[in-house]
>>> print(open('data.txt').read())   # compact mmCIF, C-alpha atoms
# COMPACT_ATOMS: atom_id res chain seq x y z
CA MET A 284 -18.48 -0.12 20.06
CA GLU A 285 -16.44 2.90 21.10
CA GLU A 286 -13.10 1.28 20.25
CA LEU A 287 -14.38 0.17 16.86
CA ASN A 288 -15.70 3.64 16.07
CA LYS A 289 -12.28 5.14 16.81
CA GLN A 290 -10.61 2.59 14.57
CA LEU A 291 -13.06 3.23 11.74
CA ASP A 292 -12.56 6.99 12.03
CA PHE A 293 -8.82 6.44 11.67
CA ILE A 294 -9.30 4.12 8.69
CA ILE A 295 -11.49 6.69 6.94
CA GLU A 296 -9.00 9.47 7.75
CA LEU A 297 -6.31 7.43 5.95
CA ASP A 298 -8.13 8.13 2.68
CA ARG A 299 -6.56 11.59 2.75
CA LEU A 300 -3.06 10.21 2.14
CA LYS A 301 -4.26 9.41 -1.40
CA GLY A 302 -4.43 13.16 -1.96
CA VAL A 303 -0.87 13.93 -0.77
CA TYR A 304 1.36 14.18 -3.83
CA ARG A 305 5.14 13.66 -3.96
CA GLN A 306 7.84 14.79 -6.39
CA ALA A 307 8.09 11.32 -7.98
CA LEU A 308 6.29 10.73 -11.25
CA VAL A 309 4.29 7.63 -12.21
CA LYS A 310 5.62 6.81 -15.65
CA ALA A 311 3.00 4.07 -16.09
CA ASP A 312 0.16 6.59 -15.60
CA LYS A 313 0.94 9.47 -17.95
CA ASN A 314 3.75 10.79 -15.75
CA ARG A 315 1.36 12.22 -13.17
CA PHE A 316 2.69 12.87 -9.64
CA GLU A 317 2.75 9.89 -7.30
CA ASN A 318 0.74 10.03 -4.08
CA SER A 319 2.02 8.88 -0.71
CA ALA A 320 -0.52 6.05 -0.30
CA GLU A 321 0.45 4.20 -3.48
CA HIS A 322 4.11 4.92 -2.75
CA SER A 323 3.70 3.24 0.66
CA TRP A 324 2.18 0.18 -1.01
CA HIS A 325 5.02 0.00 -3.50
CA ILE A 326 7.84 0.14 -0.97
CA SER A 327 6.16 -2.34 1.38
CA LEU A 328 6.19 -4.87 -1.43
CA THR A 329 9.71 -3.85 -2.45
CA ALA A 330 10.85 -4.63 1.09
CA GLN A 331 9.22 -8.02 0.97
CA ILE A 332 10.96 -8.87 -2.29
CA LEU A 333 14.41 -7.58 -1.36
CA HIS A 334 14.79 -8.35 2.35
CA GLU A 335 16.80 -11.48 1.59
CA TYR A 336 19.71 -9.19 0.66
CA ALA A 337 20.05 -7.88 4.21
CA VAL A 338 23.02 -9.51 5.92
CA GLU A 339 21.45 -9.03 9.34
CA LYS A 340 18.11 -10.55 10.35
CA VAL A 341 15.23 -8.29 9.32
CA ASN A 342 11.73 -8.79 10.77
CA ILE A 343 9.86 -8.30 7.51
CA SER A 344 6.45 -8.10 9.15
CA ARG A 345 7.57 -5.11 11.26
CA VAL A 346 9.29 -3.54 8.24
CA MET A 347 6.11 -3.82 6.17
CA SER A 348 4.06 -2.26 8.97
CA MET A 349 6.58 0.56 9.29
CA LEU A 350 6.46 1.27 5.59
CA LEU A 351 2.67 1.15 5.44
CA ILE A 352 2.44 3.83 8.15
CA HIS A 353 5.62 5.86 7.59
CA ASP A 354 3.97 8.63 5.55
CA ILE A 355 0.63 8.91 7.38
CA VAL A 356 1.90 12.06 9.13
CA GLU A 357 1.86 13.76 5.72
CA ILE A 358 -1.93 13.90 5.94
CA ASP A 359 -1.40 16.88 8.26
CA ALA A 360 2.18 17.89 7.53
CA GLY A 361 2.26 17.48 3.74
CA ASP A 362 5.09 15.95 1.75
CA MET A 363 8.41 17.74 1.66
CA PHE A 364 10.93 17.05 -1.06
CA ALA A 365 13.77 15.01 0.44
CA PHE A 366 16.42 17.43 -0.77
CA SER A 367 14.82 20.63 0.61
CA ASP A 368 16.98 23.00 2.69
CA GLU A 369 17.81 22.11 6.28
CA LYS A 370 15.71 24.77 7.98
CA ASP A 371 12.59 23.64 6.11
CA LEU A 372 13.35 20.01 6.94
CA ALA A 373 13.69 20.84 10.66
CA GLU A 374 10.34 22.67 10.70
CA GLN A 375 8.82 19.73 8.87
CA GLU A 376 10.01 17.40 11.63
CA ASP A 377 8.08 19.39 14.26
CA LYS A 378 4.97 19.34 12.11
CA GLU A 379 5.25 15.59 11.66
CA ILE A 380 5.52 14.90 15.39
CA ALA A 381 2.33 16.89 15.99
CA ALA A 382 0.70 15.06 13.09
CA ALA A 383 1.63 11.66 14.52
CA ASN A 384 0.04 12.61 17.82
CA ARG A 385 -3.18 13.78 16.23
CA LEU A 386 -3.53 11.04 13.63
CA PHE A 387 -2.41 7.95 15.55
CA GLY A 388 -4.23 9.55 18.50
CA LEU A 389 -7.52 8.85 16.71
CA LEU A 390 -6.94 5.17 17.55
CA PRO A 391 -7.58 3.46 20.91
CA GLU A 392 -4.67 3.99 23.33
CA LYS A 393 -2.92 0.65 22.80
CA GLN A 394 -2.84 1.03 19.02
CA PHE A 395 -1.87 4.70 19.32
CA GLN A 396 1.20 3.67 21.32
CA MET A 397 2.07 0.86 18.93
CA PHE A 398 1.85 2.95 15.75
CA ASN A 399 3.48 6.01 17.26
CA GLN A 400 6.45 3.98 18.49
CA LEU A 401 6.78 2.17 15.20
CA TRP A 402 6.77 5.50 13.35
CA LEU A 403 9.38 6.98 15.73
CA GLU A 404 11.55 3.90 15.29
CA PHE A 405 11.41 4.44 11.53
CA GLU A 406 12.24 8.13 11.89
CA HIS A 407 15.21 7.53 14.20
CA ALA A 408 16.56 4.79 11.92
CA GLN A 409 18.67 3.12 14.62
CA THR A 410 17.37 -0.45 14.54
CA ILE A 411 18.03 -2.96 11.75
CA ASP A 412 14.33 -3.01 10.83
CA ALA A 413 14.12 0.78 10.62
CA ARG A 414 17.35 1.08 8.64
CA PHE A 415 16.17 -1.50 6.15
CA ALA A 416 12.78 0.23 5.88
CA LYS A 417 14.50 3.60 5.27
CA ALA A 418 16.67 2.00 2.62
CA MET A 419 13.57 0.73 0.77
CA ASP A 420 11.91 4.15 0.98
CA ARG A 421 14.98 5.56 -0.75
CA VAL A 422 15.92 2.91 -3.25
CA LEU A 423 12.57 2.97 -5.04
CA PRO A 424 12.79 6.64 -6.10
CA LEU A 425 16.26 5.78 -7.45
CA LEU A 426 14.77 3.00 -9.59
CA GLN A 427 11.96 5.32 -10.70
CA ASN A 428 14.36 8.13 -11.63
CA MET A 429 16.62 5.75 -13.54
CA ARG A 430 13.67 4.63 -15.65
CA ASN A 431 12.54 8.19 -16.19
CA GLU A 432 15.64 9.96 -17.54
CA GLY A 433 16.66 11.23 -14.13
CA GLY A 434 13.10 12.21 -13.06
CA SER A 435 13.07 14.39 -9.94
CA TRP A 436 16.90 14.37 -9.71
CA ALA A 437 17.31 16.01 -13.09
CA LYS A 438 14.42 18.39 -12.46
CA HIS A 439 16.02 19.63 -9.20
CA ASP A 440 19.63 19.56 -10.47
CA LEU A 441 20.89 17.22 -7.74
CA THR A 442 24.42 15.94 -7.21
CA LYS A 443 25.86 12.46 -6.98
CA SER A 444 26.93 12.99 -3.37
CA GLN A 445 23.42 14.01 -2.28
CA VAL A 446 21.98 10.77 -3.68
CA ILE A 447 24.78 8.63 -2.23
CA GLU A 448 24.25 10.19 1.20
CA ARG A 449 20.54 9.46 1.01
CA ASN A 450 20.99 5.79 0.12
CA LYS A 451 23.81 5.02 2.54
CA TYR A 452 21.60 2.82 4.79
CA LEU A 453 22.25 0.02 2.32
CA GLU A 454 26.01 0.12 2.82
CA GLY A 455 26.90 -2.66 5.24
CA LEU A 456 23.27 -3.72 5.66
CA ALA A 457 22.78 -5.04 2.12
CA PRO A 458 26.12 -4.90 0.27
CA LYS A 459 24.80 -6.41 -2.94
CA LEU A 460 22.06 -3.77 -3.19
CA TRP A 461 24.58 -1.08 -2.27
CA SER A 462 26.86 -2.10 -5.16
CA PHE A 463 23.90 -1.97 -7.49
CA VAL A 464 22.89 1.50 -6.24
CA CYS A 465 26.44 2.86 -6.62
CA ALA A 466 26.60 1.57 -10.19
CA GLN A 467 23.25 3.18 -10.99
CA ILE A 468 24.38 6.51 -9.56
CA ASP A 469 27.52 6.39 -11.71
CA LEU A 470 25.38 5.69 -14.73
CA ALA A 471 23.10 8.62 -13.87
CA VAL A 472 26.15 10.92 -13.78
CA LYS A 473 27.34 9.55 -17.11
CA ASN A 474 23.89 10.19 -18.59
CA GLY A 475 23.84 13.76 -17.27
CA TRP A 476 20.94 13.12 -14.83
CA LEU A 477 23.05 13.91 -11.74
CA ARG A 478 25.83 16.46 -11.37
CA ASP A 479 29.25 14.93 -10.61
CA ALA A 480 29.78 16.65 -7.25
CA MET F 300 23.02 -10.25 -10.41
CA GLU F 301 20.48 -12.16 -12.52
CA GLU F 302 18.13 -12.77 -9.58
CA LEU F 303 18.30 -9.12 -8.54
CA ASN F 304 17.58 -7.94 -12.08
CA LYS F 305 14.45 -10.10 -12.20
CA GLN F 306 13.30 -8.72 -8.87
CA LEU F 307 13.90 -5.14 -9.96
CA ASP F 308 12.00 -5.71 -13.21
CA PHE F 309 9.06 -6.96 -11.17
CA ILE F 310 9.26 -4.00 -8.78
CA ILE F 311 9.25 -1.56 -11.71
CA GLU F 312 6.36 -3.43 -13.36
CA LEU F 313 4.33 -2.89 -10.16
CA ASP F 314 4.21 0.82 -11.01
CA ARG F 315 1.49 0.00 -13.53
CA LEU F 316 -1.01 -0.90 -10.79
CA LYS F 317 -1.09 2.83 -9.98
CA GLY F 318 -2.77 3.31 -13.34
CA VAL F 319 -5.53 0.70 -12.81
CA TYR F 320 -8.67 2.51 -11.66
CA ARG F 321 -11.56 1.04 -9.66
CA GLN F 322 -15.21 2.04 -9.23
CA ALA F 323 -14.57 3.47 -5.75
CA LEU F 324 -14.15 7.21 -5.40
CA VAL F 325 -11.58 9.01 -3.25
CA LYS F 326 -13.69 11.58 -1.42
CA ALA F 327 -10.56 13.17 0.08
CA ASP F 328 -9.12 13.87 -3.39
CA LYS F 329 -11.92 15.57 -5.32
CA ASN F 330 -13.89 12.34 -5.76
CA ARG F 331 -11.52 10.99 -8.40
CA PHE F 332 -11.49 7.23 -9.02
CA GLU F 333 -9.34 5.16 -6.67
CA ASN F 334 -6.49 3.11 -8.12
CA SER F 335 -5.71 -0.46 -7.10
CA ALA F 336 -2.28 0.35 -5.63
CA GLU F 337 -3.52 2.87 -3.07
CA HIS F 338 -6.54 0.61 -2.37
CA SER F 339 -4.13 -2.25 -1.56
CA TRP F 340 -2.26 -0.01 0.86
CA HIS F 341 -5.47 1.03 2.56
CA ILE F 342 -6.82 -2.47 3.14
CA SER F 343 -3.47 -3.81 4.34
CA LEU F 344 -3.53 -1.20 7.09
CA THR F 345 -7.22 -1.81 7.73
CA ALA F 346 -6.40 -5.48 8.32
CA GLN F 347 -3.68 -4.57 10.77
CA ILE F 348 -6.03 -2.35 12.73
CA LEU F 349 -9.03 -4.71 12.78
CA HIS F 350 -7.53 -8.18 13.03
CA GLU F 351 -8.12 -8.28 16.78
CA TYR F 352 -11.85 -8.75 16.01
CA ALA F 353 -11.26 -12.14 14.39
CA VAL F 354 -12.32 -14.91 16.78
CA GLU F 355 -9.89 -17.35 15.17
CA LYS F 356 -6.13 -16.79 15.06
CA VAL F 357 -5.15 -14.67 12.05
CA ASN F 358 -1.51 -14.48 10.88
CA ILE F 359 -1.49 -10.75 10.22
CA SER F 360 1.85 -10.79 8.43
CA ARG F 361 0.49 -13.26 5.84
CA VAL F 362 -2.76 -11.31 5.58
CA MET F 363 -0.89 -8.06 4.90
CA SER F 364 1.22 -9.77 2.23
CA MET F 365 -1.90 -11.21 0.63
CA LEU F 366 -3.57 -7.83 0.53
CA LEU F 367 -0.50 -6.08 -0.84
CA ILE F 368 -0.37 -8.50 -3.78
CA HIS F 369 -4.05 -9.42 -4.28
CA ASP F 370 -4.70 -6.93 -7.10
CA ILE F 371 -1.38 -7.18 -8.97
CA VAL F 372 -3.06 -9.39 -11.59
CA GLU F 373 -5.11 -6.34 -12.60
CA ILE F 374 -1.99 -4.92 -14.28
CA ASP F 375 -2.77 -7.33 -17.13
CA ALA F 376 -6.40 -8.23 -16.50
CA GLY F 377 -7.80 -4.82 -15.51
CA ASP F 378 -10.24 -4.20 -12.69
CA MET F 379 -13.75 -5.58 -13.00
CA PHE F 380 -16.59 -4.18 -10.93
CA ALA F 381 -17.43 -6.69 -8.21
CA PHE F 382 -21.11 -6.78 -9.17
CA SER F 383 -20.60 -7.45 -12.90
CA ASP F 384 -22.55 -10.32 -14.53
CA GLU F 385 -21.41 -13.90 -13.94
CA LYS F 386 -20.17 -14.61 -17.47
CA ASP F 387 -17.89 -11.55 -17.37
CA LEU F 388 -16.62 -12.53 -13.91
CA ALA F 389 -15.78 -16.07 -15.11
CA GLU F 390 -13.82 -14.71 -18.10
CA GLN F 391 -12.05 -12.33 -15.76
CA GLU F 392 -10.93 -15.27 -13.61
CA ASP F 393 -9.16 -16.89 -16.60
CA LYS F 394 -7.46 -13.60 -17.45
CA GLU F 395 -6.28 -13.22 -13.86
CA ILE F 396 -4.72 -16.69 -13.74
CA ALA F 397 -2.74 -15.92 -16.89
CA ALA F 398 -1.79 -12.53 -15.42
CA ALA F 399 -0.53 -14.14 -12.21
CA ASN F 400 1.67 -16.48 -14.22
CA ARG F 401 3.14 -13.69 -16.30
CA LEU F 402 3.58 -11.11 -13.54
CA PHE F 403 4.75 -13.25 -10.61
CA GLY F 404 6.71 -15.17 -13.26
CA LEU F 405 8.97 -12.13 -13.64
CA LEU F 406 10.40 -13.06 -10.22
CA PRO F 407 12.97 -15.77 -9.47
CA GLU F 408 11.36 -19.22 -9.19
CA LYS F 409 11.16 -19.38 -5.38
CA GLN F 410 9.42 -16.01 -5.08
CA PHE F 411 7.18 -16.79 -8.07
CA GLN F 412 5.93 -19.89 -6.24
CA MET F 413 5.46 -18.02 -2.98
CA PHE F 414 3.48 -15.11 -4.44
CA ASN F 415 1.46 -17.25 -6.81
CA GLN F 416 0.41 -19.58 -3.99
CA LEU F 417 -0.42 -16.70 -1.70
CA TRP F 418 -2.55 -15.10 -4.42
CA LEU F 419 -4.36 -18.40 -5.11
CA GLU F 420 -4.99 -18.84 -1.38
CA PHE F 421 -6.60 -15.41 -1.32
CA GLU F 422 -8.70 -16.19 -4.39
CA HIS F 423 -9.95 -19.53 -3.05
CA ALA F 424 -10.79 -17.97 0.34
CA GLN F 425 -10.73 -21.25 2.24
CA THR F 426 -8.17 -20.53 4.97
CA ILE F 427 -8.75 -18.23 7.94
CA ASP F 428 -6.07 -15.81 6.68
CA ALA F 429 -7.59 -15.63 3.21
CA ARG F 430 -11.13 -15.23 4.52
CA PHE F 431 -10.06 -12.40 6.80
CA ALA F 432 -8.16 -10.77 3.92
CA LYS F 433 -11.24 -11.04 1.65
CA ALA F 434 -13.37 -9.52 4.38
CA MET F 435 -11.04 -6.50 4.60
CA ASP F 436 -11.07 -6.07 0.81
CA ARG F 437 -14.86 -5.85 1.03
CA VAL F 438 -15.49 -3.91 4.19
CA LEU F 439 -13.49 -0.88 3.09
CA PRO F 440 -15.67 -0.12 0.03
CA LEU F 441 -18.64 -0.33 2.40
CA LEU F 442 -17.09 2.30 4.66
CA GLN F 443 -16.25 4.45 1.63
CA ASN F 444 -19.76 4.18 0.19
CA MET F 445 -21.35 5.00 3.55
CA ARG F 446 -19.30 8.23 3.71
CA ASN F 447 -20.14 9.09 0.12
CA GLU F 448 -23.96 8.91 -0.03
CA GLY F 449 -23.97 5.36 -1.32
CA GLY F 450 -21.07 5.89 -3.76
CA SER F 451 -20.72 3.03 -6.25
CA TRP F 452 -23.75 1.17 -4.77
CA ALA F 453 -26.13 4.01 -5.54
CA LYS F 454 -24.54 4.60 -8.95
CA HIS F 455 -25.07 0.95 -9.96
CA ASP F 456 -28.48 0.56 -8.26
CA LEU F 457 -27.42 -2.40 -6.08
CA THR F 458 -29.53 -4.34 -3.59
CA LYS F 459 -29.13 -5.06 0.10
CA SER F 460 -28.78 -8.81 -0.54
CA GLN F 461 -25.93 -8.30 -3.02
CA VAL F 462 -23.93 -6.34 -0.45
CA ILE F 463 -24.71 -8.78 2.36
CA GLU F 464 -23.59 -11.70 0.20
CA ARG F 465 -20.33 -9.92 -0.58
CA ASN F 466 -19.51 -9.21 3.06
CA LYS F 467 -20.50 -12.59 4.49
CA TYR F 468 -16.88 -13.61 5.23
CA LEU F 469 -17.19 -11.57 8.41
CA GLU F 470 -20.09 -13.65 9.73
CA GLY F 471 -18.67 -16.14 12.21
CA LEU F 472 -15.09 -14.94 11.67
CA ALA F 473 -15.54 -11.48 13.24
CA PRO F 474 -19.04 -11.25 14.73
CA LYS F 475 -18.61 -7.73 16.08
CA LEU F 476 -17.61 -6.42 12.64
CA TRP F 477 -20.43 -8.40 11.06
CA SER F 478 -23.00 -6.72 13.35
CA PHE F 479 -21.57 -3.36 12.43
CA VAL F 480 -21.74 -4.14 8.70
CA CYS F 481 -25.35 -5.36 8.93
CA ALA F 482 -26.35 -2.17 10.74
CA GLN F 483 -24.63 -0.05 8.08
CA ILE F 484 -26.39 -1.91 5.29
CA ASP F 485 -29.75 -1.32 6.98
CA LEU F 486 -28.91 2.35 7.26
CA ALA F 487 -27.98 2.46 3.56
CA VAL F 488 -31.40 1.02 2.68
CA LYS F 489 -33.09 3.56 4.92
CA ASN F 490 -31.15 6.35 3.20
CA GLY F 491 -32.12 5.08 -0.25
CA TRP F 492 -28.53 4.13 -1.20
CA LEU F 493 -29.36 0.41 -1.58
CA ARG F 494 -32.55 -1.20 -2.83
CA ASP F 495 -34.37 -3.29 -0.21
CA ALA F 496 -34.22 -6.58 -2.12
>>> encode(input="data.txt", output="structure tokens")
Amino acid sequence: MEELNKQLDFIIELDRLKGVYRQALVKADKNRFENSAEHSWHISLTAQILHEYAVEKVNISRVMSMLLIHDIVEIDAGDMFAFSDEKDLAEQEDKEIAAANRLFGLLPEKQFQMFNQLWLEFEHAQTIDARFAKAMDRVLPLLQNMRNEGGSWAKHDLTKSQVIERNKYLEGLAPKLWSFVCAQIDLAVKNGWLRDA
Amino acid sequence: MEELNKQLDFIIELDRLKGVYRQALVKADKNRFENSAEHSWHISLTAQILHEYAVEKVNISRVMSMLLIHDIVEIDAGDMFAFSDEKDLAEQEDKEIAAANRLFGLLPEKQFQMFNQLWLEFEHAQTIDARFAKAMDRVLPLLQNMRNEGGSWAKHDLTKSQVIERNKYLEGLAPKLWSFVCAQIDLAVKNGWLRDA
């Protein structure tokens, strides 16, 4: 039963991700902040719906797994706004590596290795699967902000080039989605939700 | 672009599941009610971690997809407590079928068929994948209630036999998990969280 007890401890620990709040707002629930657990659900499904747009072969099962686990480190490290300054983002990276070791380390060794490697693959964003997963993590906030008068972009006075840079994984990998994203960003500038810089 | 627009409309519509609240409480976030989006995330990961206990071959990718979508119908039909009376549960079933048609119907035809069939497979719980998925949907509330002094069981004065009946998918399919669940239910009775009936 020792293995099972470790797995159940990890599963219960996951509950805490429901209390980690992001900058994104949930328009459908009185514009409260979104938590990282429901966000992970949303992008896993988004990946499943949109993976046909990738021009290279994506293993959707791996991508879904990556997206389901990609924010678990925030249980210890907290969420950091994507457009924070570079020093803060570098410190956050160290915190997240320690968090991955502690949290995935609750699992039996074989699953620890599997989840930790999958999370690192996502973070490094070198493989097709990881790049597609990253793209999904980034395209959803764009959709949310576009439906919410600029949402967190407008609130933090962001620029067009910052948002383009963040969504660039789509370029080449899913050209049709990339065209859509570029058009949305132009519209956001026109609407005054992003600065034209 | 018509296909993409349909898919994006569906993805945005999914946001509403974050505003559908269940009976379960999130202990890690001030004991607020849990919503169906974060619940879906949690059980999809639970399935990934525990599927090795199934004695028959489970297609974990299909199971994860099933669990990610299984509650989407609640966007229109709302959540109904699992132990409601039979007449209410039958009415809920009709509402959910209509909801599946409207919500998955937002997608292009091919994806509508795929998601609708996957959801129906889950509901009918005849295949190995669907039975394992159902078992995960039911074992997590048990874990949550055991960590929360009986949680929704104690609040609704439930009996041991009701909870056993609800978790029976594990019997035969994952005997080790079934033994664990039976032991937890006995402990809940001993602690006064479930009535011994």
>>> residues_around(input="data.txt", residues="Gly449 in chain F", least_positions_apart="3", cutoff="9 Å", atoms="all atoms listed in the file", output="PDB file with C-alpha atoms, keeping the file's coordinate frame")
ATOM      1  CA  LEU F 441     -18.640  -0.330   2.400  1.00  0.00           C
ATOM      2  CA  GLN F 443     -16.250   4.450   1.630  1.00  0.00           C
ATOM      3  CA  ASN F 444     -19.760   4.180   0.190  1.00  0.00           C
ATOM      4  CA  MET F 445     -21.350   5.000   3.550  1.00  0.00           C
ATOM      5  CA  ARG F 446     -19.300   8.230   3.710  1.00  0.00           C
ATOM      6  CA  TRP F 452     -23.750   1.170  -4.770  1.00  0.00           C
ATOM      7  CA  ALA F 453     -26.130   4.010  -5.540  1.00  0.00           C
ATOM      8  CA  LYS F 454     -24.540   4.600  -8.950  1.00  0.00           C
ATOM      9  CA  ALA F 487     -27.980   2.460   3.560  1.00  0.00           C
ATOM     10  CA  ASN F 490     -31.150   6.350   3.200  1.00  0.00           C
ATOM     11  CA  GLY F 491     -32.120   5.080  -0.250  1.00  0.00           C
ATOM     12  CA  TRP F 492     -28.530   4.130  -1.200  1.00  0.00           C
ATOM     13  CA  LEU F 493     -29.360   0.410  -1.580  1.00  0.00           C
TER      14      LEU F 493
END
>>> interface_residues(input="data.txt", of="chain F", to="chain A", cutoff="6 Å", atoms="only C-alpha atoms", output="list in words")
Arg315, Gly318, Ala327, Asp328, Ala336, Glu337, Trp340 and Ser360 of chain F
>>> residues_around(input="data.txt", residues="Ile380 in chain A", least_positions_apart="4", cutoff="12 Å", atoms="only C-alpha atoms", output="MDAnalysis selection string")
chainID A and resid 353:357 359:360 373:376 384:388 399:400 402:403 406
>>> atom_distance(input="data.txt", atom1="CA of Arg437 in chain F", atom2="CA of Thr458 in chain F")
15.5 Å
>>> atom_distance(input="data.txt", atom1="CA of Asn447 in chain F", atom2="CA of Leu324 in chain F")
8.4 Å
>>> atom_distance(input="data.txt", atom1="CA of Ala473 in chain F", atom2="CA of Leu417 in chain F")
21.9 Å
>>> residues_around(input="data.txt", residues="Met363 in chain A", least_positions_apart="2", cutoff="9 Å", atoms="all atoms listed in the file", output="ChimeraX atom specification")
/A:305-306,357,360-361,365-367,371-372,375
>>> residues_around(input="data.txt", residues="Trp461 in chain A", least_positions_apart="6", cutoff="12 Å", atoms="all atoms listed in the file", output="CSV table (one decimal) with C-alpha atoms, in the coordinates of the input")
chain,number,residue,atom,x,y,z
A,336,TYR,CA,19.7,-9.2,0.7
A,337,ALA,CA,20.0,-7.9,4.2
A,338,VAL,CA,23.0,-9.5,5.9
A,415,PHE,CA,16.2,-1.5,6.2
A,418,ALA,CA,16.7,2.0,2.6
A,419,MET,CA,13.6,0.7,0.8
A,421,ARG,CA,15.0,5.6,-0.8
A,422,VAL,CA,15.9,2.9,-3.2
A,425,LEU,CA,16.3,5.8,-7.4
A,447,ILE,CA,24.8,8.6,-2.2
A,448,GLU,CA,24.2,10.2,1.2
A,449,ARG,CA,20.5,9.5,1.0
A,450,ASN,CA,21.0,5.8,0.1
A,451,LYS,CA,23.8,5.0,2.5
A,452,TYR,CA,21.6,2.8,4.8
A,453,LEU,CA,22.2,0.0,2.3
A,454,GLU,CA,26.0,0.1,2.8
A,455,GLY,CA,26.9,-2.7,5.2
A,467,GLN,CA,23.2,3.2,-11.0
A,468,ILE,CA,24.4,6.5,-9.6
F,303,LEU,CA,18.3,-9.1,-8.5
>>> residues_near_point(input="data.txt", point="(-9.4, -19.9, 8.6)", cutoff="9 Å", atoms="all atoms listed in the file", output="VMD selection string")
chain F and resid 355 to 357 424 to 431 472
>>> closest_residue(input="data.txt", among="F:Lys489, F:Leu366, F:Phe380, F:Ser460", to="Glu448 in chain F", atoms="only C-alpha atoms")
F:Lys489
